[in-house]
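I have placed the structure first, in the form of structure tokens, so that the comments after it can refer back to it.
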Amino acid sequence: MPISEFAIIQRFFTRQTVKNPSTRLSIGDDCALLSLPEGYELAVSTDTMVENVHFFAGTNPEQLGHKLLAVNLSDLASMGAKPVSVMLALTLPDVDENWLTAFAKGFLSLAERYSVDLIGGDTTSGPLTLTVQAMGLVPRGNALMRSSALLGDFIYVTGMLGDAGLGLKIIQGYHCANPDSALQRFNKPDPRVDAGLALTGIANACIDISDGLAGDLGHILEQSNVGACLDWDALPLSGPVLDYINDSGDWSMPLTAGDDYELCFTVSPEKALQLTFDCRKIGVIEAMPGLRLLRSGAIQTLKSKGYEHFS
């Protein structure tokens, strides 16, 4: 007998052991109820992933569940918000119990790592489409935004750039001597939640790198009415990414490839001394509009446009 919509929810998505203090009422009613602590605002983000657009058919469902939640937690991290709860909407072509078991494991394991409650959502029939609405708490007036970069700010990134892009190329057929790390970065990114929380009161502007560093930093530059120059030699690039660049000549890949889910942020030189986590200074905010790159002793203009649907 086919499993009903409500049986799917009950069987696969109500096994959490965490209970965030902000959750007053979770799955089981028409709405969930959240309480906001005094002095905090609610940060809310929504992302949708569609089969054959955001992920390949046949993708490992446990990795897919992890990644779906990770990309939403990354949005909260970029605002300096502490994640508290999520809602999940699944559109499924059919009910595959093994697929749902693995997907739920990946999703809920990451949720438990950050004490995030799954408080509701929806299940429908149709082409495989996965949507999450994520909610987090940020001290009132202290959210990190794209529009607050200042002249003279240093530009930093967490982690490494381009590994997820390399992972995609490996899946598409590129031969890499050491593929495991790149594939891990593409399939199971780690949201930089702790770094985002540590940036509150230190960074001026912040964004997560989902569509490529050049495009996402471009959003900060546009909304802050400033420009920037990056230093190629300062970019944090792994050995496999450098090998790919040497093999292909495609030096722009780590600047334009998506799915890194690192944080790019700007901070004044004075407050940069307060940074306590692993990050790398890669450039400076300037008055001249646009994004530039210092490479091999010459400055060149970069296109600061990332991936866009319908373009």
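Labels for the structure tokens follow display order: chains A, B, ..., residues from 1 in each chain, ligands from 1.
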Quiz item: Could you write out, as a ChimeraX atom specification, all the residues of region 25-154 of chain A that DSSP marks as helix (DSSP H, G or I)?
Solution: /A:61-78,97-113
Selection from above, N, CA and C atoms, as a CSV table (one decimal), in the first residue's frame, can you write it?
```csv
chain,number,residue,atom,x,y,z
A,61,PRO,N,21.2,10.3,-1.9
A,61,PRO,CA,20.1,11.1,-1.2
A,61,PRO,C,20.6,11.6,0.2
A,62,GLU,N,21.5,10.8,0.8
A,62,GLU,CA,22.0,11.3,2.1
A,62,GLU,C,22.8,12.6,1.9
A,63,GLN,N,23.7,12.6,0.9
A,63,GLN,CA,24.4,13.8,0.6
A,63,GLN,C,23.5,14.9,0.2
A,64,LEU,N,22.5,14.6,-0.5
A,64,LEU,CA,21.5,15.6,-1.0
A,64,LEU,C,20.8,16.3,0.2
A,65,GLY,N,20.4,15.4,1.2
A,65,GLY,CA,19.7,16.0,2.3
A,65,GLY,C,20.6,16.9,3.1
A,66,HIS,N,21.9,16.5,3.3
A,66,HIS,CA,22.8,17.4,3.9
A,66,HIS,C,23.0,18.7,3.2
A,67,LYS,N,23.2,18.6,1.9
A,67,LYS,CA,23.5,19.8,1.1
A,67,LYS,C,22.3,20.8,1.1
A,68,LEU,N,21.1,20.2,1.0
A,68,LEU,CA,19.9,21.1,1.0
A,68,LEU,C,19.8,21.9,2.2
A,69,LEU,N,20.1,21.3,3.4
A,69,LEU,CA,20.1,22.1,4.6
A,69,LEU,C,21.3,23.0,4.7
A,70,ALA,N,22.4,22.5,4.3
A,70,ALA,CA,23.7,23.3,4.4
A,70,ALA,C,23.6,24.6,3.7
A,71,VAL,N,23.0,24.6,2.5
A,71,VAL,CA,23.0,25.9,1.7
A,71,VAL,C,22.1,26.9,2.4
A,72,ASN,N,21.1,26.4,3.1
A,72,ASN,CA,20.2,27.4,3.8
A,72,ASN,C,20.9,27.9,5.1
A,73,LEU,N,21.6,27.0,5.8
A,73,LEU,CA,22.3,27.4,7.0
A,73,LEU,C,23.4,28.4,6.6
A,74,SER,N,24.0,28.2,5.4
A,74,SER,CA,25.0,29.2,4.9
A,74,SER,C,24.4,30.6,4.8
A,75,ASP,N,23.2,30.7,4.3
A,75,ASP,CA,22.5,32.0,4.2
A,75,ASP,C,22.4,32.7,5.5
A,76,LEU,N,22.0,31.9,6.5
A,76,LEU,CA,21.9,32.4,7.9
A,76,LEU,C,23.2,32.8,8.4
A,77,ALA,N,24.3,32.0,8.1
A,77,ALA,CA,25.6,32.3,8.6
A,77,ALA,C,26.1,33.7,8.0
A,78,SER,N,25.7,33.9,6.8
A,78,SER,CA,26.2,35.2,6.1
A,78,SER,C,25.6,36.4,6.8
A,97,GLU,N,11.0,4.5,-0.2
A,97,GLU,CA,11.3,4.5,1.2
A,97,GLU,C,12.8,4.5,1.5
A,98,ASN,N,13.6,3.8,0.7
A,98,ASN,CA,15.0,3.8,0.9
A,98,ASN,C,15.6,5.2,0.6
A,99,TRP,N,15.1,5.9,-0.4
A,99,TRP,CA,15.6,7.2,-0.7
A,99,TRP,C,15.2,8.2,0.4
A,100,LEU,N,14.0,8.1,0.9
A,100,LEU,CA,13.6,9.0,2.0
A,100,LEU,C,14.3,8.7,3.3
A,101,THR,N,14.6,7.5,3.6
A,101,THR,CA,15.4,7.2,4.8
A,101,THR,C,16.8,7.8,4.7
A,102,ALA,N,17.5,7.7,3.6
A,102,ALA,CA,18.8,8.2,3.4
A,102,ALA,C,18.8,9.8,3.4
A,103,PHE,N,17.8,10.3,2.7
A,103,PHE,CA,17.7,11.8,2.6
A,103,PHE,C,17.4,12.4,4.0
A,104,ALA,N,16.5,11.8,4.7
A,104,ALA,CA,16.2,12.3,6.1
A,104,ALA,C,17.4,12.2,7.0
A,105,LYS,N,18.2,11.1,6.8
A,105,LYS,CA,19.4,10.9,7.7
A,105,LYS,C,20.4,12.1,7.4
A,106,GLY,N,20.6,12.4,6.2
A,106,GLY,CA,21.6,13.5,5.9
A,106,GLY,C,21.1,14.8,6.4
A,107,PHE,N,19.8,15.1,6.2
A,107,PHE,CA,19.2,16.4,6.6
A,107,PHE,C,19.2,16.5,8.1
A,108,LEU,N,18.7,15.5,8.8
A,108,LEU,CA,18.5,15.6,10.2
A,108,LEU,C,19.8,15.5,11.0
A,109,SER,N,20.8,14.8,10.4
A,109,SER,CA,22.1,14.8,11.1
A,109,SER,C,22.7,16.2,11.1
A,110,LEU,N,22.6,16.9,10.1
A,110,LEU,CA,23.2,18.3,10.1
A,110,LEU,C,22.3,19.2,10.9
A,111,ALA,N,21.0,19.0,10.9
A,111,ALA,CA,20.1,19.8,11.8
A,111,ALA,C,20.5,19.6,13.3
A,112,GLU,N,20.8,18.4,13.7
A,112,GLU,CA,21.1,18.1,15.1
A,112,GLU,C,22.5,18.7,15.4
A,113,ARG,N,23.4,18.7,14.5
A,113,ARG,CA,24.7,19.3,14.7
A,113,ARG,C,24.6,20.8,15.2
```
Selection: 10 Å around Asn225 (chain A), only C-alpha atoms, excl. self and same-chain fewer than 6 positions, as an mmCIF file with C-alpha atoms, in the first residue's frame:
```cif
data_model
loop_
_atom_site.group_PDB
_atom_site.id
_atom_site.type_symbol
_atom_site.label_atom_id
_atom_site.label_comp_id
_atom_site.auth_asym_id
_atom_site.auth_seq_id
_atom_site.Cartn_x
_atom_site.Cartn_y
_atom_site.Cartn_z
ATOM 1 C CA SER A 147 25.190 47.018 1.823
ATOM 2 C CA SER A 148 27.612 48.007 4.589
ATOM 3 C CA ALA A 149 31.107 47.685 3.092
ATOM 4 C CA LEU A 150 33.266 50.771 3.697
ATOM 5 C CA LEU A 151 36.210 52.279 1.836
ATOM 6 C CA HIS A 219 26.577 42.027 -4.894
ATOM 7 C CA GLU A 286 38.108 50.856 -3.064
ATOM 8 C CA ALA A 287 36.194 53.917 -4.232
ATOM 9 C CA MET A 288 36.423 53.137 -7.960
ATOM 10 C CA PRO A 289 33.366 51.059 -8.979
ATOM 11 C CA GLY A 290 33.830 47.545 -10.290
#
```
Quiz item: Near region 18-29 of chain A, within 10 Å and counting only C-alpha atoms, which residues show up once chain neighbours fewer than 6 positions away are dropped, as JSON, numbers by chain?
Solution: {"A": [6, 9, 10, 35, 36, 37, 83, 84, 85, 87, 108, 111, 112, 113, 114, 115, 116, 117, 118, 119, 120, 121, 136, 137]}
Quiz prompt | strand (DSSP E or B) call set, DSSP backbone run, region 113-237 of chain A, as a PyMOL selection string | solution = chain A and resi 117-125+129-139+145+154-158+205-208+227-231
Restricted to C-alpha atoms, what would the selected residues look like written as a PDB file, in the first residue's frame?
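And here's again-v6.pdb as it stands now:
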```
ATOM      1  CA  ASP A 117      14.364  22.038  14.747  1.00  0.00           C
ATOM      2  CA  LEU A 118      12.416  20.831  11.711  1.00  0.00           C
ATOM      3  CA  ILE A 119       9.090  22.451  12.570  1.00  0.00           C
ATOM      4  CA  GLY A 120       6.913  21.809   9.508  1.00  0.00           C
ATOM      5  CA  GLY A 121       6.610  21.862   5.745  1.00  0.00           C
ATOM      6  CA  ASP A 122       4.702  20.102   2.986  1.00  0.00           C
ATOM      7  CA  THR A 123       4.828  17.023   0.755  1.00  0.00           C
ATOM      8  CA  THR A 124       3.386  16.879  -2.747  1.00  0.00           C
ATOM      9  CA  SER A 125       3.614  14.741  -5.868  1.00  0.00           C
ATOM     10  CA  THR A 129      11.942  19.533  -6.026  1.00  0.00           C
ATOM     11  CA  LEU A 130      13.254  20.324  -2.550  1.00  0.00           C
ATOM     12  CA  THR A 131      12.612  23.571  -0.685  1.00  0.00           C
ATOM     13  CA  VAL A 132      13.762  24.736   2.743  1.00  0.00           C
ATOM     14  CA  GLN A 133      12.839  27.850   4.673  1.00  0.00           C
ATOM     15  CA  ALA A 134      15.433  28.498   7.369  1.00  0.00           C
ATOM     16  CA  MET A 135      15.044  30.797  10.355  1.00  0.00           C
ATOM     17  CA  GLY A 136      17.681  32.168  12.693  1.00  0.00           C
ATOM     18  CA  LEU A 137      18.155  34.694  15.464  1.00  0.00           C
ATOM     19  CA  VAL A 138      20.392  37.739  15.255  1.00  0.00           C
ATOM     20  CA  PRO A 139      20.815  40.499  17.867  1.00  0.00           C
ATOM     21  CA  MET A 145      24.296  42.806   5.291  1.00  0.00           C
ATOM     22  CA  PHE A 154      39.884  44.456   3.984  1.00  0.00           C
ATOM     23  CA  ILE A 155      38.145  41.621   2.102  1.00  0.00           C
ATOM     24  CA  TYR A 156      38.369  38.154   3.637  1.00  0.00           C
ATOM     25  CA  VAL A 157      37.140  34.676   2.803  1.00  0.00           C
ATOM     26  CA  THR A 158      36.823  31.572   4.926  1.00  0.00           C
ATOM     27  CA  ALA A 205      29.406  43.414   5.132  1.00  0.00           C
ATOM     28  CA  CYS A 206      29.091  39.707   4.414  1.00  0.00           C
ATOM     29  CA  ILE A 207      27.752  37.261   1.836  1.00  0.00           C
ATOM     30  CA  ASP A 208      27.997  33.522   1.308  1.00  0.00           C
ATOM     31  CA  GLY A 227      34.603  48.799  -5.800  1.00  0.00           C
ATOM     32  CA  ALA A 228      37.356  46.349  -4.934  1.00  0.00           C
ATOM     33  CA  CYS A 229      40.689  44.916  -5.970  1.00  0.00           C
ATOM     34  CA  LEU A 230      41.604  41.294  -5.263  1.00  0.00           C
ATOM     35  CA  ASP A 231      45.120  39.852  -5.056  1.00  0.00           C
TER      36      ASP A 231
END
```
Quiz item: Within 12 Å of region 291-301 of chain A, counting only C-alpha atoms, which residues qualify if same-chain residues fewer than 4 places away don't, as a PyMOL selection string?
Solution: chain A and resi 213-222+225-235+251-252+255+282-287+305
How about saving the chosen residues, N, CA and C atoms kept, as a compact mmCIF listing (two decimals), in the first residue's frame?
```txt
# COMPACT_ATOMS: atom_id res chain seq x y z
N LEU A 213 32.82 33.58 -6.28
CA LEU A 213 33.33 34.74 -5.53
C LEU A 213 33.11 36.04 -6.27
N ALA A 214 33.44 36.09 -7.57
CA ALA A 214 33.33 37.35 -8.31
C ALA A 214 31.89 37.85 -8.33
N GLY A 215 30.95 36.95 -8.60
CA GLY A 215 29.56 37.36 -8.65
C GLY A 215 29.01 37.75 -7.30
N ASP A 216 29.33 36.98 -6.26
CA ASP A 216 28.77 37.27 -4.95
C ASP A 216 29.41 38.49 -4.32
N LEU A 217 30.72 38.65 -4.44
CA LEU A 217 31.35 39.88 -3.97
C LEU A 217 30.80 41.06 -4.76
N GLY A 218 30.47 40.83 -6.03
CA GLY A 218 29.87 41.91 -6.82
C GLY A 218 28.58 42.43 -6.22
N HIS A 219 27.80 41.57 -5.55
CA HIS A 219 26.58 42.03 -4.89
C HIS A 219 26.91 42.99 -3.75
N ILE A 220 27.96 42.69 -2.99
CA ILE A 220 28.39 43.60 -1.93
C ILE A 220 28.81 44.93 -2.52
N LEU A 221 29.60 44.90 -3.59
CA LEU A 221 30.10 46.14 -4.19
C LEU A 221 28.94 46.99 -4.71
N GLU A 222 27.99 46.34 -5.39
CA GLU A 222 26.85 47.09 -5.95
C GLU A 222 25.99 47.70 -4.86
N ASN A 225 27.87 50.50 -3.01
CA ASN A 225 28.34 51.59 -3.86
C ASN A 225 29.85 51.80 -3.74
N VAL A 226 30.58 50.70 -3.84
CA VAL A 226 32.04 50.74 -3.78
C VAL A 226 32.59 49.80 -4.84
N GLY A 227 33.92 49.75 -4.94
CA GLY A 227 34.60 48.80 -5.80
C GLY A 227 35.59 47.99 -4.98
N ALA A 228 36.39 47.17 -5.67
CA ALA A 228 37.36 46.35 -4.93
C ALA A 228 38.46 45.88 -5.86
N CYS A 229 39.60 45.57 -5.25
CA CYS A 229 40.69 44.92 -5.97
C CYS A 229 41.12 43.69 -5.18
N LEU A 230 41.18 42.55 -5.86
CA LEU A 230 41.60 41.29 -5.26
C LEU A 230 43.04 40.99 -5.67
N ASP A 231 43.74 40.26 -4.81
CA ASP A 231 45.12 39.85 -5.06
C ASP A 231 45.13 38.36 -5.38
N TRP A 232 45.46 38.01 -6.62
CA TRP A 232 45.45 36.62 -7.04
C TRP A 232 46.33 35.75 -6.14
N ASP A 233 47.49 36.25 -5.78
CA ASP A 233 48.42 35.46 -4.98
C ASP A 233 47.92 35.21 -3.57
N ALA A 234 46.92 35.96 -3.11
CA ALA A 234 46.38 35.77 -1.77
C ALA A 234 45.20 34.81 -1.73
N LEU A 235 44.68 34.43 -2.89
CA LEU A 235 43.51 33.55 -2.90
C LEU A 235 43.85 32.19 -2.31
N TRP A 251 42.29 29.83 -15.21
CA TRP A 251 42.60 30.44 -13.92
C TRP A 251 41.39 31.11 -13.28
N SER A 252 40.37 31.41 -14.07
CA SER A 252 39.20 32.12 -13.52
C SER A 252 38.25 31.18 -12.77
N LEU A 255 37.26 31.77 -9.20
CA LEU A 255 36.59 33.05 -9.01
C LEU A 255 35.13 33.02 -9.45
N ILE A 282 42.07 38.75 1.08
CA ILE A 282 42.28 38.58 -0.36
C ILE A 282 42.17 39.88 -1.14
N GLY A 283 41.84 41.00 -0.48
CA GLY A 283 41.70 42.24 -1.23
C GLY A 283 41.28 43.39 -0.36
N VAL A 284 40.97 44.51 -1.03
CA VAL A 284 40.63 45.76 -0.34
C VAL A 284 39.46 46.43 -1.05
N ILE A 285 38.58 47.04 -0.27
CA ILE A 285 37.47 47.84 -0.82
C ILE A 285 38.01 49.19 -1.26
N GLU A 286 37.63 49.60 -2.48
CA GLU A 286 38.11 50.86 -3.06
C GLU A 286 36.94 51.72 -3.50
N ALA A 287 37.24 52.98 -3.81
CA ALA A 287 36.19 53.92 -4.23
C ALA A 287 35.79 53.68 -5.69
N LYS A 305 29.51 39.05 -12.25
CA LYS A 305 28.16 38.52 -12.41
C LYS A 305 28.20 37.01 -12.23
```
Quiz prompt | For region 236-244 of chain A: contacts at 7 Å, only C-alpha atoms, fewer than 6 positions along chain excluded, given as a list in words | solution = Met160, Leu161, Gly162, Asp163, Leu166, Asn178 and Arg280 of chain A
Write the residues of the selection above to a file with C-alpha atoms, as a tab-separated table (two decimals), in the first residue's frame.
```tsv
chain	number	residue	atom	x	y	z
A	160	MET	CA	39.29	27.44	0.21
A	161	LEU	CA	37.98	28.61	-3.14
A	162	GLY	CA	37.14	26.52	-6.19
A	163	ASP	CA	37.15	23.03	-4.68
A	166	LEU	CA	36.47	21.27	-9.27
A	178	ASN	CA	43.11	13.27	-5.75
A	280	ARG	CA	42.34	34.79	4.46
```
Quiz item: Taking only C-alpha atoms into account, which of A:Gly196, A:Gly152, A:Gly167, A:Gly141 comes nearest Met79 (chain A)?
Solution: A:Gly196
Quiz item: Pick the closest to Asp190 (chain A) from A:Gly126, A:Gly58, A:Gly159, A:Gly80: which is it, counting only C-alpha atoms?
Solution: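 Ranking A:Gly126, A:Gly58, A:Gly159, A:Gly80 by distance to Asp190 (chain A), first place goes to A:Gly159.
CA of Asn52 (chain A) is found 13.7 Å from CA of Pro93 (chain A).
What separates CA of Lys281 (chain A) from CA of Leu263 (chain A) is a distance of 12.0 Å.
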Quiz prompt | Interatomic distance (Å, one decimal) between CA of Ala43 (chain A) and CA of Gln184 (chain A) | solution =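 We find that CA of Ala43 (chain A) and CA of Gln184 (chain A) lie 28.2 Å from each other.
Here the question is which of A:Ile202, A:Ile245, A:Ile209, A:Leu128 gets nearest to Ala57 (chain A) using only C-alpha atoms, and that residue is A:Leu128.
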Exercise. For Lys271 (chain A), please output as a PyMOL selection string all residues within 12 Å (counting only C-alpha atoms; exclusion window: fewer than 2 positions along the same chain).
Key: chain A and resi 152-154+199-204+266-269+273-276
Would you put the residues from that selection into a file with N, CA and C atoms, as a short mmCIF file (atom, residue, chain, number, x, y, z; two decimals), in the first residue's frame?
```
data_model
loop_
_atom_site.label_atom_id
_atom_site.label_comp_id
_atom_site.auth_asym_id
_atom_site.auth_seq_id
_atom_site.Cartn_x
_atom_site.Cartn_y
_atom_site.Cartn_z
N GLY A 152 38.33 51.19 2.25
CA GLY A 152 39.46 50.78 3.05
C GLY A 152 39.28 49.46 3.77
N ASP A 153 38.07 48.93 3.77
CA ASP A 153 37.85 47.62 4.39
C ASP A 153 38.74 46.57 3.73
N PHE A 154 39.23 45.64 4.53
CA PHE A 154 39.88 44.46 3.98
C PHE A 154 38.80 43.44 3.60
N LEU A 199 31.51 36.82 13.51
CA LEU A 199 31.67 38.09 12.78
C LEU A 199 30.76 39.19 13.30
N THR A 200 29.77 38.85 14.11
CA THR A 200 28.84 39.87 14.61
C THR A 200 29.61 40.92 15.41
N GLY A 201 29.43 42.17 15.04
CA GLY A 201 30.12 43.26 15.71
C GLY A 201 31.53 43.51 15.20
N ILE A 202 31.99 42.69 14.26
CA ILE A 202 33.34 42.86 13.70
C ILE A 202 33.28 43.21 12.22
N ALA A 203 32.59 42.38 11.43
CA ALA A 203 32.51 42.61 9.98
C ALA A 203 31.54 43.74 9.67
N ASN A 204 31.77 44.39 8.54
CA ASN A 204 30.85 45.41 8.06
C ASN A 204 29.83 44.82 7.09
N THR A 266 33.79 41.85 4.63
CA THR A 266 34.68 43.00 4.70
C THR A 266 34.75 43.47 6.15
N VAL A 267 35.93 43.95 6.52
CA VAL A 267 36.16 44.37 7.91
C VAL A 267 37.21 45.48 7.91
N SER A 268 37.07 46.43 8.80
CA SER A 268 38.03 47.52 8.87
C SER A 268 39.40 46.97 9.28
N PRO A 269 40.49 47.64 8.88
CA PRO A 269 41.82 47.16 9.29
C PRO A 269 41.96 47.04 10.81
N LEU A 273 42.02 42.75 13.43
CA LEU A 273 42.84 42.17 14.49
C LEU A 273 42.02 41.32 15.44
N GLN A 274 40.67 41.48 15.40
CA GLN A 274 39.80 40.74 16.31
C GLN A 274 39.34 39.40 15.72
N LEU A 275 39.70 39.10 14.49
CA LEU A 275 39.28 37.86 13.86
C LEU A 275 39.98 36.68 14.54
N THR A 276 39.19 35.71 14.97
CA THR A 276 39.73 34.60 15.77
C THR A 276 39.61 33.25 15.09
#
```
